[in-house]
>>> print(open('structure-v2.cif').read())   # mmCIF, C-alpha atoms (C1' of nucleotides)
data_query
loop_
_atom_site.label_atom_id
_atom_site.label_comp_id
_atom_site.auth_asym_id
_atom_site.auth_seq_id
_atom_site.Cartn_x
_atom_site.Cartn_y
_atom_site.Cartn_z
CA MET A 23 -30.08 -4.74 -10.25
CA THR A 24 -29.74 -5.34 -6.54
CA GLN A 25 -29.86 -1.93 -4.93
CA PRO A 26 -28.52 -1.92 -1.38
CA LYS A 27 -30.75 -0.54 1.30
CA PRO A 28 -29.67 2.81 2.70
CA LYS A 29 -28.83 1.18 6.01
CA THR A 30 -26.52 -1.24 4.24
CA ILE A 31 -24.61 1.67 2.79
CA ALA A 32 -24.51 3.30 6.20
CA VAL A 33 -23.03 0.13 7.66
CA TRP A 34 -20.35 0.03 5.01
CA THR A 35 -19.34 3.67 5.14
CA SER A 36 -19.17 3.73 8.91
CA LEU A 37 -17.30 0.43 8.90
CA VAL A 38 -14.68 1.89 6.61
CA SER A 39 -14.39 5.08 8.62
CA ALA A 40 -14.23 3.31 11.94
CA ASN A 41 -11.57 0.98 10.65
CA ARG A 42 -9.48 3.84 9.30
CA ILE A 43 -9.77 5.89 12.45
CA LEU A 44 -8.83 3.09 14.82
CA LEU A 45 -6.09 1.83 12.55
CA ASP A 46 -4.53 5.27 12.19
CA ASP A 47 -4.67 5.79 15.93
CA ILE A 48 -3.00 2.48 16.68
CA GLU A 49 -0.38 2.86 13.97
CA ASP A 50 0.47 6.36 15.13
CA ALA A 51 0.89 5.16 18.68
CA LEU A 52 3.21 2.35 17.59
CA LYS A 53 5.21 4.64 15.36
CA ASN A 54 5.62 7.15 18.16
CA GLU A 55 7.24 4.45 20.23
CA GLY A 56 9.51 3.41 17.38
CA LEU A 57 7.81 0.03 17.18
CA PRO A 58 6.90 -1.98 14.08
CA LYS A 59 3.60 -1.74 12.29
CA LEU A 60 0.48 -3.55 13.35
CA SER A 61 0.80 -6.11 10.55
CA TRP A 62 4.03 -7.25 12.15
CA TYR A 63 2.26 -7.68 15.44
CA ASP A 64 -0.28 -10.01 13.95
CA ALA A 65 2.41 -12.09 12.32
CA LEU A 66 4.57 -12.18 15.44
CA LEU A 67 1.64 -13.22 17.56
CA GLU A 68 0.64 -15.97 15.19
CA ILE A 69 4.19 -17.28 15.11
CA GLU A 70 4.36 -17.06 18.87
CA LYS A 71 1.20 -19.13 19.20
CA ALA A 72 2.81 -21.84 17.10
CA GLY A 73 5.42 -22.20 19.83
CA GLY A 74 8.57 -24.30 19.51
CA THR A 75 7.08 -26.34 16.70
CA GLY A 76 7.06 -23.30 14.48
CA ILE A 77 4.76 -22.73 11.57
CA ARG A 78 4.99 -22.96 7.82
CA PRO A 79 4.65 -19.81 5.70
CA TYR A 80 1.73 -21.24 3.75
CA GLU A 81 -0.21 -21.76 6.96
CA LEU A 82 0.69 -18.35 8.20
CA LYS A 83 -0.49 -16.64 5.03
CA GLU A 84 -3.87 -18.29 5.39
CA ARG A 85 -4.31 -17.20 8.97
CA LEU A 86 -3.23 -13.67 8.21
CA LEU A 87 -5.10 -13.45 4.91
CA LEU A 88 -1.98 -12.30 3.10
CA PRO A 89 -1.04 -13.09 -0.50
CA GLN A 90 1.79 -15.55 -0.87
CA TYR A 91 4.31 -13.01 -2.10
CA GLY A 92 3.30 -10.63 0.66
CA MET A 93 3.94 -13.28 3.27
CA SER A 94 7.26 -14.17 1.72
CA ARG A 95 8.44 -10.59 1.84
CA LEU A 96 7.12 -9.87 5.30
CA LEU A 97 9.08 -12.88 6.52
CA ASP A 98 12.15 -11.53 4.71
CA ARG A 99 11.91 -8.26 6.55
CA MET A 100 11.20 -9.82 9.91
CA ALA A 101 14.11 -12.20 9.46
CA LYS A 102 16.37 -9.30 8.50
CA ALA A 103 15.26 -7.53 11.66
CA GLY A 104 16.16 -10.64 13.66
CA LEU A 105 12.63 -11.29 14.89
CA ILE A 106 12.23 -14.75 13.39
CA ASP A 107 14.30 -17.74 12.32
CA ARG A 108 13.69 -19.63 9.10
CA LEU A 109 14.54 -23.29 9.39
CA ASP A 110 14.60 -26.07 6.83
CA VAL A 111 11.89 -28.70 7.06
CA GLU A 112 12.92 -32.29 7.58
CA ASP A 113 10.55 -33.96 5.20
CA ASP A 114 9.76 -31.26 2.65
CA GLY A 115 12.68 -29.74 0.82
CA ARG A 116 10.57 -26.94 -0.61
CA GLY A 117 9.46 -25.60 2.70
CA GLN A 118 10.65 -23.83 5.78
CA ILE A 119 9.58 -23.47 9.35
CA ILE A 120 9.24 -20.12 11.00
CA ARG A 121 10.03 -19.64 14.64
CA LEU A 122 10.06 -16.59 16.83
CA THR A 123 13.39 -15.44 18.21
CA GLN A 124 13.76 -14.07 21.70
CA LYS A 125 14.03 -10.62 20.17
CA GLY A 126 10.84 -11.24 18.23
CA LEU A 127 9.08 -12.19 21.42
CA ASN A 128 10.37 -9.11 23.19
CA ILE A 129 9.19 -6.83 20.43
CA ARG A 130 5.79 -8.47 20.32
CA LYS A 131 5.48 -7.98 24.06
CA ALA A 132 6.64 -4.38 23.86
CA MET A 133 4.01 -3.63 21.26
CA TRP A 134 1.09 -4.92 23.23
CA PRO A 135 0.69 -2.20 25.85
CA ILE A 136 0.83 0.50 23.20
CA TYR A 137 -1.59 -1.34 20.97
CA ALA A 138 -3.89 -2.12 23.88
CA ALA A 139 -3.96 1.42 25.18
CA ALA A 140 -4.77 2.87 21.77
CA LEU A 141 -7.50 0.32 21.30
CA THR A 142 -9.04 0.93 24.68
CA ARG A 143 -9.20 4.67 24.33
CA SER A 144 -10.56 4.43 20.80
CA VAL A 145 -13.35 2.04 21.64
CA GLU A 146 -14.42 1.92 25.24
CA PRO A 147 -15.40 5.55 25.84
CA HIS A 148 -18.09 5.28 23.19
CA PHE A 149 -20.02 2.33 24.54
CA SER A 150 -21.78 0.70 27.39
CA GLN A 151 -20.80 -2.87 28.14
CA ALA A 152 -23.98 -4.11 26.51
CA GLU A 153 -23.28 -2.13 23.36
CA VAL A 154 -19.75 -3.48 22.97
CA THR A 155 -21.09 -6.98 23.28
CA GLU A 156 -23.78 -6.34 20.73
CA LEU A 157 -21.36 -4.69 18.33
CA ALA A 158 -18.95 -7.59 18.57
CA ARG A 159 -21.78 -10.00 17.90
CA LEU A 160 -23.04 -8.14 14.86
CA LEU A 161 -19.59 -7.59 13.37
CA LYS A 162 -18.76 -11.25 13.68
CA LYS A 163 -21.72 -12.06 11.49
CA LEU A 164 -20.13 -10.08 8.70
CA THR A 165 -17.02 -12.19 8.76
CA ARG A 166 -18.61 -15.35 7.50
CA ALA A 167 -19.23 -15.78 3.79
CA MET B 8 -1.71 0.06 32.02
CA THR B 9 -5.13 0.21 30.46
CA GLN B 10 -6.04 -3.34 29.55
CA PRO B 11 -8.83 -3.51 27.01
CA LYS B 12 -11.79 -5.65 27.88
CA PRO B 13 -12.08 -8.90 25.92
CA LYS B 14 -15.15 -7.57 24.14
CA THR B 15 -13.19 -4.55 23.00
CA ILE B 16 -10.65 -6.82 21.41
CA ALA B 17 -13.43 -8.84 19.84
CA VAL B 18 -14.87 -5.66 18.35
CA TRP B 19 -11.52 -4.69 16.88
CA THR B 20 -10.61 -8.05 15.43
CA SER B 21 -14.00 -8.57 13.86
CA LEU B 22 -13.98 -5.00 12.59
CA VAL B 23 -10.70 -5.61 10.83
CA SER B 24 -11.85 -8.93 9.40
CA ALA B 25 -15.18 -7.62 8.26
CA ASN B 26 -13.53 -4.67 6.60
CA ARG B 27 -11.03 -6.88 4.77
CA ILE B 28 -13.62 -9.35 3.61
CA LEU B 29 -16.02 -6.75 2.25
CA LEU B 30 -13.24 -4.69 0.74
CA ASP B 31 -11.72 -7.67 -1.03
CA ASP B 32 -15.09 -8.71 -2.35
CA ILE B 33 -15.86 -5.26 -3.71
CA GLU B 34 -12.40 -4.77 -5.18
CA ASP B 35 -12.50 -8.15 -6.86
CA ALA B 36 -15.86 -7.39 -8.39
CA LEU B 37 -14.61 -4.06 -9.74
CA LYS B 38 -11.42 -5.59 -11.07
CA ASN B 39 -13.37 -8.33 -12.82
CA GLU B 40 -15.24 -5.65 -14.71
CA GLY B 41 -12.05 -3.81 -15.60
CA LEU B 42 -13.10 -0.84 -13.51
CA PRO B 43 -10.94 1.35 -11.25
CA LYS B 44 -10.37 0.71 -7.59
CA LEU B 45 -12.77 1.71 -4.87
CA SER B 46 -10.60 4.62 -3.78
CA TRP B 47 -11.17 6.16 -7.18
CA TYR B 48 -14.90 5.77 -6.74
CA ASP B 49 -14.85 7.76 -3.54
CA ALA B 50 -12.85 10.52 -5.12
CA LEU B 51 -14.97 10.61 -8.25
CA LEU B 52 -18.15 10.76 -6.21
CA GLU B 53 -16.86 13.56 -4.04
CA ILE B 54 -15.82 15.54 -7.09
CA GLU B 55 -19.17 14.85 -8.70
CA LYS B 56 -20.95 16.19 -5.63
CA ALA B 57 -19.00 19.42 -5.97
CA GLY B 58 -20.68 19.91 -9.34
CA GLY B 59 -19.71 22.62 -11.83
CA THR B 60 -18.05 24.67 -9.14
CA GLY B 61 -15.42 22.00 -8.70
CA ILE B 62 -13.42 21.38 -5.59
CA ARG B 63 -9.93 22.16 -4.37
CA PRO B 64 -7.50 19.31 -3.68
CA TYR B 65 -6.97 20.40 -0.09
CA GLU B 66 -10.70 20.11 0.56
CA LEU B 67 -10.87 16.78 -1.18
CA LYS B 68 -8.05 15.31 0.86
CA GLU B 69 -9.85 16.23 4.06
CA ARG B 70 -13.08 14.62 2.99
CA LEU B 71 -11.31 11.49 1.81
CA LEU B 72 -8.89 11.36 4.73
CA LEU B 73 -5.92 11.10 2.39
CA PRO B 74 -2.47 12.55 2.97
CA GLN B 75 -1.64 15.55 0.82
CA TYR B 76 0.85 13.72 -1.38
CA GLY B 77 -1.54 10.83 -1.78
CA MET B 78 -4.24 13.16 -2.99
CA SER B 79 -1.84 14.88 -5.35
CA ARG B 80 -0.86 11.62 -6.95
CA LEU B 81 -4.34 10.20 -7.12
CA LEU B 82 -5.38 13.32 -8.99
CA ASP B 83 -2.40 12.86 -11.30
CA ARG B 84 -3.54 9.39 -12.21
CA MET B 85 -7.17 10.33 -12.59
CA ALA B 86 -6.22 13.26 -14.80
CA LYS B 87 -3.99 11.01 -16.91
CA ALA B 88 -6.94 8.66 -17.29
CA GLY B 89 -9.07 11.60 -18.44
CA LEU B 90 -11.53 11.38 -15.57
CA ILE B 91 -10.97 14.86 -14.17
CA ASP B 92 -9.88 18.32 -15.28
CA ARG B 93 -7.48 20.44 -13.27
CA LEU B 94 -8.17 24.14 -13.69
CA ASP B 95 -6.33 27.18 -12.41
CA VAL B 96 -7.99 29.15 -9.66
CA GLU B 97 -8.83 32.79 -10.32
CA ASP B 98 -7.77 34.26 -7.04
CA ASP B 99 -5.18 31.81 -5.73
CA GLY B 100 -2.21 31.15 -7.94
CA ARG B 101 -1.07 28.22 -5.85
CA GLY B 102 -4.22 26.25 -6.23
CA GLN B 103 -6.30 24.38 -8.71
CA ILE B 104 -9.88 23.34 -9.10
CA ILE B 105 -10.86 19.80 -9.83
CA ARG B 106 -13.84 19.01 -11.98
CA LEU B 107 -15.25 15.76 -13.21
CA THR B 108 -15.13 15.12 -16.95
CA GLN B 109 -17.95 13.40 -18.78
CA LYS B 110 -15.79 10.31 -18.90
CA GLY B 111 -15.22 10.56 -15.16
CA LEU B 112 -18.95 10.70 -14.61
CA ASN B 113 -19.53 7.73 -16.87
CA ILE B 114 -16.95 5.65 -15.06
CA ARG B 115 -18.35 6.58 -11.67
CA LYS B 116 -21.80 5.56 -12.84
CA ALA B 117 -20.51 2.33 -14.32
CA MET B 118 -18.86 1.44 -11.04
CA TRP B 119 -21.94 1.86 -8.92
CA PRO B 120 -23.95 -1.21 -9.88
CA ILE B 121 -20.94 -3.46 -9.39
CA TYR B 122 -20.08 -1.84 -6.10
CA ALA B 123 -23.69 -1.93 -4.95
CA ALA B 124 -24.22 -5.55 -5.83
CA ALA B 125 -21.09 -6.67 -4.02
CA LEU B 126 -22.07 -4.65 -1.00
CA THR B 127 -25.59 -5.98 -0.93
CA ARG B 128 -24.60 -9.61 -1.15
CA SER B 129 -21.86 -9.18 1.45
CA VAL B 130 -24.06 -7.50 4.02
CA GLU B 131 -27.75 -8.06 3.68
CA PRO B 132 -27.94 -11.85 3.88
CA HIS B 133 -26.47 -11.76 7.37
CA PHE B 134 -28.94 -9.45 9.04
CA SER B 135 -32.48 -8.59 9.84
CA GLN B 136 -33.53 -5.03 9.11
CA ALA B 137 -33.36 -4.21 12.80
CA GLU B 138 -29.84 -5.58 13.06
CA VAL B 139 -28.54 -3.55 10.13
CA THR B 140 -29.95 -0.43 11.72
CA GLU B 141 -28.39 -1.23 15.05
CA LEU B 142 -25.04 -2.07 13.50
CA ALA B 143 -24.99 1.19 11.58
CA ARG B 144 -25.82 3.08 14.75
CA LEU B 145 -23.08 1.43 16.78
CA LEU B 146 -20.43 1.76 14.09
CA LYS B 147 -21.15 5.42 13.69
CA LYS B 148 -20.29 5.94 17.32
CA LEU B 149 -16.80 4.68 16.64
CA THR B 150 -16.19 7.32 14.02
CA ARG B 151 -16.21 10.27 16.37
CA ALA B 152 -13.12 11.06 18.42
"C1'" DC C 28 6.63 48.10 0.16
"C1'" DT C 29 9.25 44.22 2.13
"C1'" DC C 30 10.35 40.39 4.63
"C1'" DA C 31 8.90 36.49 7.54
"C1'" DA C 32 5.74 33.09 8.09
"C1'" DG C 33 2.04 30.35 6.24
"C1'" DT C 34 -0.45 27.48 2.83
"C1'" DA C 35 -1.34 24.66 -1.73
"C1'" DA C 36 0.52 21.39 -4.28
"C1'" DA C 37 4.43 18.67 -6.40
"C1'" DT C 38 8.36 15.71 -6.15
"C1'" DG C 39 12.91 12.78 -5.19
"C1'" DC C 40 13.92 8.77 -2.88
"C1'" DA C 41 13.38 4.62 -0.37
"C1'" DC C 42 10.31 1.15 0.56
"C1'" DT C 43 6.08 -1.68 -0.22
"C1'" DT C 44 2.70 -3.99 -3.03
"C1'" DG C 45 0.67 -6.43 -7.06
"C1'" DC C 46 1.21 -9.35 -10.83
"C1'" DA C 47 3.23 -12.75 -13.28
"C1'" DT C 48 6.53 -15.89 -13.52
"C1'" DC C 49 10.17 -18.87 -11.95
"C1'" DT C 50 12.75 -22.33 -9.28
"C1'" DA C 51 12.83 -26.20 -6.56
"C1'" DC C 52 10.95 -29.96 -4.67
"C1'" DA C 53 6.88 -33.44 -4.19
"C1'" DT C 54 3.29 -36.48 -5.90
"C1'" DT C 55 0.77 -39.15 -9.15
"C1'" DG C 56 0.00 -42.18 -12.98
"C1'" DC C 57 1.94 -45.05 -16.11
"C1'" DG D 30 11.87 -45.13 -13.09
"C1'" DC D 31 10.18 -40.99 -15.15
"C1'" DA D 32 7.22 -37.62 -17.42
"C1'" DA D 33 3.28 -34.66 -16.04
"C1'" DT D 34 1.12 -32.13 -12.72
"C1'" DG D 35 0.96 -29.89 -8.27
"C1'" DT D 36 2.64 -27.13 -4.36
"C1'" DA D 37 6.05 -24.04 -1.44
"C1'" DG D 38 8.29 -20.23 -1.76
"C1'" DA D 39 11.14 -16.45 -4.21
"C1'" DT D 40 11.68 -12.76 -7.42
"C1'" DG D 41 11.84 -9.11 -11.57
"C1'" DC D 42 9.34 -5.43 -12.81
"C1'" DA D 43 5.86 -1.86 -12.69
"C1'" DA D 44 3.00 0.78 -9.86
"C1'" DG D 45 1.75 2.78 -5.34
"C1'" DT D 46 2.95 4.82 -0.70
"C1'" DG D 47 5.41 7.37 3.04
"C1'" DC D 48 8.48 10.82 4.34
"C1'" DA D 49 10.86 14.87 3.84
"C1'" DT D 50 11.58 18.59 1.22
"C1'" DT D 51 10.77 21.90 -2.47
"C1'" DT D 52 8.37 25.25 -5.34
"C1'" DA D 53 5.23 28.71 -5.88
"C1'" DC D 54 2.26 31.62 -4.25
"C1'" DT D 55 -0.36 34.35 -0.33
"C1'" DT D 56 -0.81 36.83 3.96
"C1'" DG D 57 0.31 39.71 7.62
"C1'" DA D 58 3.47 42.57 10.57
"C1'" DG D 59 6.24 46.46 10.56
#
>>> encode(input="structure-v2.cif", output="structure tokens")
Amino acid sequence: MTQPKPKTIAVWTSLVSANRILLDDIEDALKNEGLPKLSWYDALLEIEKAGGTGIRPYELKERLLLPQYGMSRLLDRMAKAGLIDRLDVEDDGRGQIIRLTQKGLNIRKAMWPIYAAALTRSVEPHFSQAEVTELARLLKKLTRA
Amino acid sequence: MTQPKPKTIAVWTSLVSANRILLDDIEDALKNEGLPKLSWYDALLEIEKAGGTGIRPYELKERLLLPQYGMSRLLDRMAKAGLIDRLDVEDDGRGQIIRLTQKGLNIRKAMWPIYAAALTRSVEPHFSQAEVTELARLLKKLTRA
DNA sequence: CTCAAGTAAATGCACTTGCATCTACATTGC
DNA sequence: GCAATGTAGATGCAAGTGCATTTACTTGAG
């Protein structure tokens, strides 16, 4: 059997903890401001990037790494909240195109300062500039299969 | 407003991705073997560490960073699955003591090789020994407020 | 002792997620 | 054209989670 090295375990446990701590901090900050959850931010931003052309749910789910049913329901809730429009596609009767509404854009923009501030205070105090760079480099290596 | 540096954002986004990728890989491996989820592993291991003395739910929830109701329900499910015993406490009528059953221990032990193998193959190929050490060091810094 | 305040754990309810399946349309091969 | 297969997205149901509150006990002040 392939036993992991102790350092490998240390990487994993601290990765999980770090993720939980930062995530909780950011989510708390957003909740305190009465803003949507972070997962909405990611979706809103991705839809915003797609611009006037919009984006199809199946593309969105791939970028956000969500399961198909999860994407479908997230879009339901965001549509109900008036943050997106769902439009029919010209040449594919099965599909739809998602576009950000003005309200969606406003919410996305309102979330950013809260998100950014939480992120900054959770990360920057711990590191020198060189360390942040190195950490980003090493973490990125983990994200490729 | 406190704008995060670009590298800070890079740390966060790659942290989230790395966490998701490894977590999904480990969870898939466990599911393929018909074993419980990773969150059960953590709880089982913590209870195992407490040994014959057992451990109180309120202590467990602090170590696992779970909300009180989450802990309560996780213990419900693990008890229903026969992996733990819940015993009354001598000197505190409100409380209970959690102890691992033999079955709980067996399951925890059965999970480890699967967990370990997934972890190893998701982490070690990407790094030199020096890099793993450095990554562990840097990540640990993020876990302290 | 007694009452107020505190702590351990459970729980009702609404919402979210996972899984499997379903519906609707599109594409391919004959 | 039209069956068979494929793909986009929705959905019923069971299980899990979050929030607020409740229940049961303990502790501490007077």
>>> interface_residues(input="structure-v2.cif", of="chain D", to="chain A", cutoff="9 Å", atoms="only C-alpha atoms (C1' of nucleotides)", output="ChimeraX atom specification")
/D:36-39
>>> axis_aligned_box(input="structure-v2.cif", around="stretch 63-67 of chain B", padding_each_side="3 Å", output="AutoDock Vina command-line options")
--center_x -8.9 --center_y 19.5 --center_z -1.9 --size_x 9.9 --size_y 11.4 --size_z 10.9
>>> calpha_fit_and_write(input="structure-v2.cif", fixed="chain B", moving="chain A", output="compact mmCIF listing (two decimals) with C-alpha atoms, keeping the file's coordinate frame")
# COMPACT_ATOMS: atom_id res chain seq x y z
CA MET A 23 -1.77 0.06 32.12
CA THR A 24 -5.19 0.22 30.51
CA GLN A 25 -6.04 -3.33 29.57
CA PRO A 26 -8.85 -3.55 27.03
CA LYS A 27 -11.81 -5.68 27.90
CA PRO A 28 -12.07 -8.92 25.94
CA LYS A 29 -15.15 -7.61 24.16
CA THR A 30 -13.20 -4.57 23.02
CA ILE A 31 -10.65 -6.84 21.41
CA ALA A 32 -13.43 -8.85 19.84
CA VAL A 33 -14.88 -5.68 18.36
CA TRP A 34 -11.55 -4.71 16.89
CA THR A 35 -10.62 -8.07 15.43
CA SER A 36 -14.01 -8.59 13.87
CA LEU A 37 -14.00 -5.02 12.59
CA VAL A 38 -10.72 -5.63 10.84
CA SER A 39 -11.85 -8.94 9.40
CA ALA A 40 -15.19 -7.63 8.26
CA ASN A 41 -13.55 -4.68 6.60
CA ARG A 42 -11.03 -6.87 4.80
CA ILE A 43 -13.63 -9.34 3.63
CA LEU A 44 -16.03 -6.75 2.26
CA LEU A 45 -13.25 -4.69 0.75
CA ASP A 46 -11.72 -7.68 -1.01
CA ASP A 47 -15.11 -8.71 -2.34
CA ILE A 48 -15.87 -5.27 -3.71
CA GLU A 49 -12.41 -4.77 -5.16
CA ASP A 50 -12.50 -8.16 -6.84
CA ALA A 51 -15.85 -7.38 -8.38
CA LEU A 52 -14.60 -4.06 -9.74
CA LYS A 53 -11.43 -5.60 -11.05
CA ASN A 54 -13.37 -8.33 -12.80
CA GLU A 55 -15.25 -5.67 -14.70
CA GLY A 56 -12.05 -3.84 -15.59
CA LEU A 57 -13.10 -0.85 -13.51
CA PRO A 58 -10.96 1.33 -11.25
CA LYS A 59 -10.39 0.70 -7.59
CA LEU A 60 -12.79 1.71 -4.87
CA SER A 61 -10.60 4.63 -3.79
CA TRP A 62 -11.19 6.15 -7.20
CA TYR A 63 -14.90 5.79 -6.73
CA ASP A 64 -14.85 7.76 -3.53
CA ALA A 65 -12.84 10.52 -5.13
CA LEU A 66 -14.98 10.61 -8.26
CA LEU A 67 -18.14 10.77 -6.21
CA GLU A 68 -16.83 13.57 -4.05
CA ILE A 69 -15.80 15.54 -7.11
CA GLU A 70 -19.16 14.86 -8.68
CA LYS A 71 -20.94 16.21 -5.62
CA ALA A 72 -18.99 19.44 -5.97
CA GLY A 73 -20.68 19.93 -9.33
CA GLY A 74 -19.71 22.63 -11.83
CA THR A 75 -18.03 24.70 -9.14
CA GLY A 76 -15.41 22.03 -8.71
CA ILE A 77 -13.41 21.42 -5.59
CA ARG A 78 -9.93 22.19 -4.39
CA PRO A 79 -7.48 19.34 -3.71
CA TYR A 80 -6.97 20.42 -0.11
CA GLU A 81 -10.68 20.12 0.55
CA LEU A 82 -10.85 16.82 -1.19
CA LYS A 83 -8.01 15.35 0.84
CA GLU A 84 -9.82 16.25 4.04
CA ARG A 85 -13.05 14.63 2.97
CA LEU A 86 -11.29 11.51 1.79
CA LEU A 87 -8.86 11.37 4.70
CA LEU A 88 -5.90 11.10 2.35
CA PRO A 89 -2.43 12.53 2.92
CA GLN A 90 -1.59 15.52 0.79
CA TYR A 91 0.89 13.70 -1.41
CA GLY A 92 -1.53 10.83 -1.82
CA MET A 93 -4.22 13.18 -3.02
CA SER A 94 -1.84 14.89 -5.38
CA ARG A 95 -0.85 11.63 -6.99
CA LEU A 96 -4.34 10.21 -7.15
CA LEU A 97 -5.38 13.36 -9.01
CA ASP A 98 -2.40 12.88 -11.34
CA ARG A 99 -3.54 9.41 -12.23
CA MET A 100 -7.17 10.34 -12.62
CA ALA A 101 -6.23 13.28 -14.81
CA LYS A 102 -4.01 11.03 -16.92
CA ALA A 103 -6.95 8.67 -17.30
CA GLY A 104 -9.08 11.61 -18.46
CA LEU A 105 -11.55 11.39 -15.58
CA ILE A 106 -10.98 14.87 -14.20
CA ASP A 107 -9.87 18.32 -15.31
CA ARG A 108 -7.48 20.47 -13.30
CA LEU A 109 -8.17 24.15 -13.70
CA ASP A 110 -6.33 27.21 -12.44
CA VAL A 111 -7.98 29.21 -9.68
CA GLU A 112 -8.81 32.83 -10.34
CA ASP A 113 -7.75 34.30 -7.06
CA ASP A 114 -5.16 31.87 -5.75
CA GLY A 115 -2.18 31.20 -7.96
CA ARG A 116 -1.04 28.26 -5.86
CA GLY A 117 -4.20 26.30 -6.25
CA GLN A 118 -6.29 24.40 -8.72
CA ILE A 119 -9.86 23.37 -9.10
CA ILE A 120 -10.85 19.83 -9.85
CA ARG A 121 -13.83 19.03 -11.99
CA LEU A 122 -15.24 15.78 -13.23
CA THR A 123 -15.15 15.13 -16.96
CA GLN A 124 -17.96 13.40 -18.77
CA LYS A 125 -15.79 10.31 -18.91
CA GLY A 126 -15.22 10.55 -15.18
CA LEU A 127 -18.94 10.70 -14.61
CA ASN A 128 -19.53 7.73 -16.87
CA ILE A 129 -16.95 5.65 -15.06
CA ARG A 130 -18.33 6.60 -11.68
CA LYS A 131 -21.78 5.56 -12.84
CA ALA A 132 -20.50 2.32 -14.32
CA MET A 133 -18.87 1.42 -11.03
CA TRP A 134 -21.93 1.85 -8.91
CA PRO A 135 -23.94 -1.22 -9.87
CA ILE A 136 -20.94 -3.47 -9.38
CA TYR A 137 -20.07 -1.85 -6.08
CA ALA A 138 -23.68 -1.93 -4.94
CA ALA A 139 -24.22 -5.56 -5.83
CA ALA A 140 -21.08 -6.67 -4.02
CA LEU A 141 -22.07 -4.66 -0.99
CA THR A 142 -25.59 -6.00 -0.91
CA ARG A 143 -24.60 -9.62 -1.13
CA SER A 144 -21.86 -9.18 1.46
CA VAL A 145 -24.05 -7.51 4.03
CA GLU A 146 -27.75 -8.08 3.70
CA PRO A 147 -27.93 -11.88 3.89
CA HIS A 148 -26.47 -11.79 7.38
CA PHE A 149 -28.95 -9.48 9.05
CA SER A 150 -32.48 -8.61 9.83
CA GLN A 151 -33.53 -5.05 9.13
CA ALA A 152 -33.36 -4.25 12.82
CA GLU A 153 -29.84 -5.62 13.08
CA VAL A 154 -28.54 -3.57 10.16
CA THR A 155 -29.96 -0.47 11.74
CA GLU A 156 -28.41 -1.28 15.07
CA LEU A 157 -25.06 -2.09 13.52
CA ALA A 158 -25.02 1.17 11.60
CA ARG A 159 -25.84 3.05 14.77
CA LEU A 160 -23.11 1.40 16.80
CA LEU A 161 -20.45 1.73 14.11
CA LYS A 162 -21.17 5.41 13.72
CA LYS A 163 -20.32 5.91 17.36
CA LEU A 164 -16.83 4.67 16.67
CA THR A 165 -16.23 7.32 14.07
CA ARG A 166 -16.23 10.25 16.42
CA ALA A 167 -13.11 11.04 18.42
>>> resolve_selection(input="structure-v2.cif", expression="the PyMOL selection byres ((chain C) within 9 of (chain B))", output="PyMOL selection string")
chain C and resi 34-37
>>> write_last_selection(input="structure-v2.cif", atoms="C-alpha atoms (C1' of nucleotides)", output="PDB file, in the coordinates of the input")
ATOM      1  C1'  DT C  34      -0.450  27.480   2.830  1.00  0.00           C
ATOM      2  C1'  DA C  35      -1.340  24.660  -1.730  1.00  0.00           C
ATOM      3  C1'  DA C  36       0.520  21.390  -4.280  1.00  0.00           C
ATOM      4  C1'  DA C  37       4.430  18.670  -6.400  1.00  0.00           C
TER       5       DA C  37
END
>>> residues_around(input="structure-v2.cif", residues="B:Leu42", least_positions_apart="4", cutoff="7 Å", atoms="all atoms listed in the file", output="PyMOL selection string")
chain B and resi 37-38+118
>>> interface_residues(input="structure-v2.cif", of="chain B", to="chain A", cutoff="8 Å", atoms="only C-alpha atoms", output="PyMOL selection string")
chain B and resi 8-12+14-19+21-26+28+120+123-124+126-127+129-131+133+138-140+142-143+145-150+152
>>> atom_distance(input="structure-v2.cif", atom1="atom CA of A:Gly126", atom2="atom CA of A:Glu70")
8.7 Å
>>> residues_near_point(input="structure-v2.cif", point="(-6.3, 20.9, -11.1)", cutoff="7 Å", atoms="all atoms listed in the file", output="count of residues only")
7
>>> atom_distance(input="structure-v2.cif", atom1="atom CA of A:Gly56", atom2="atom C1' of D:DT50")
22.3 Å
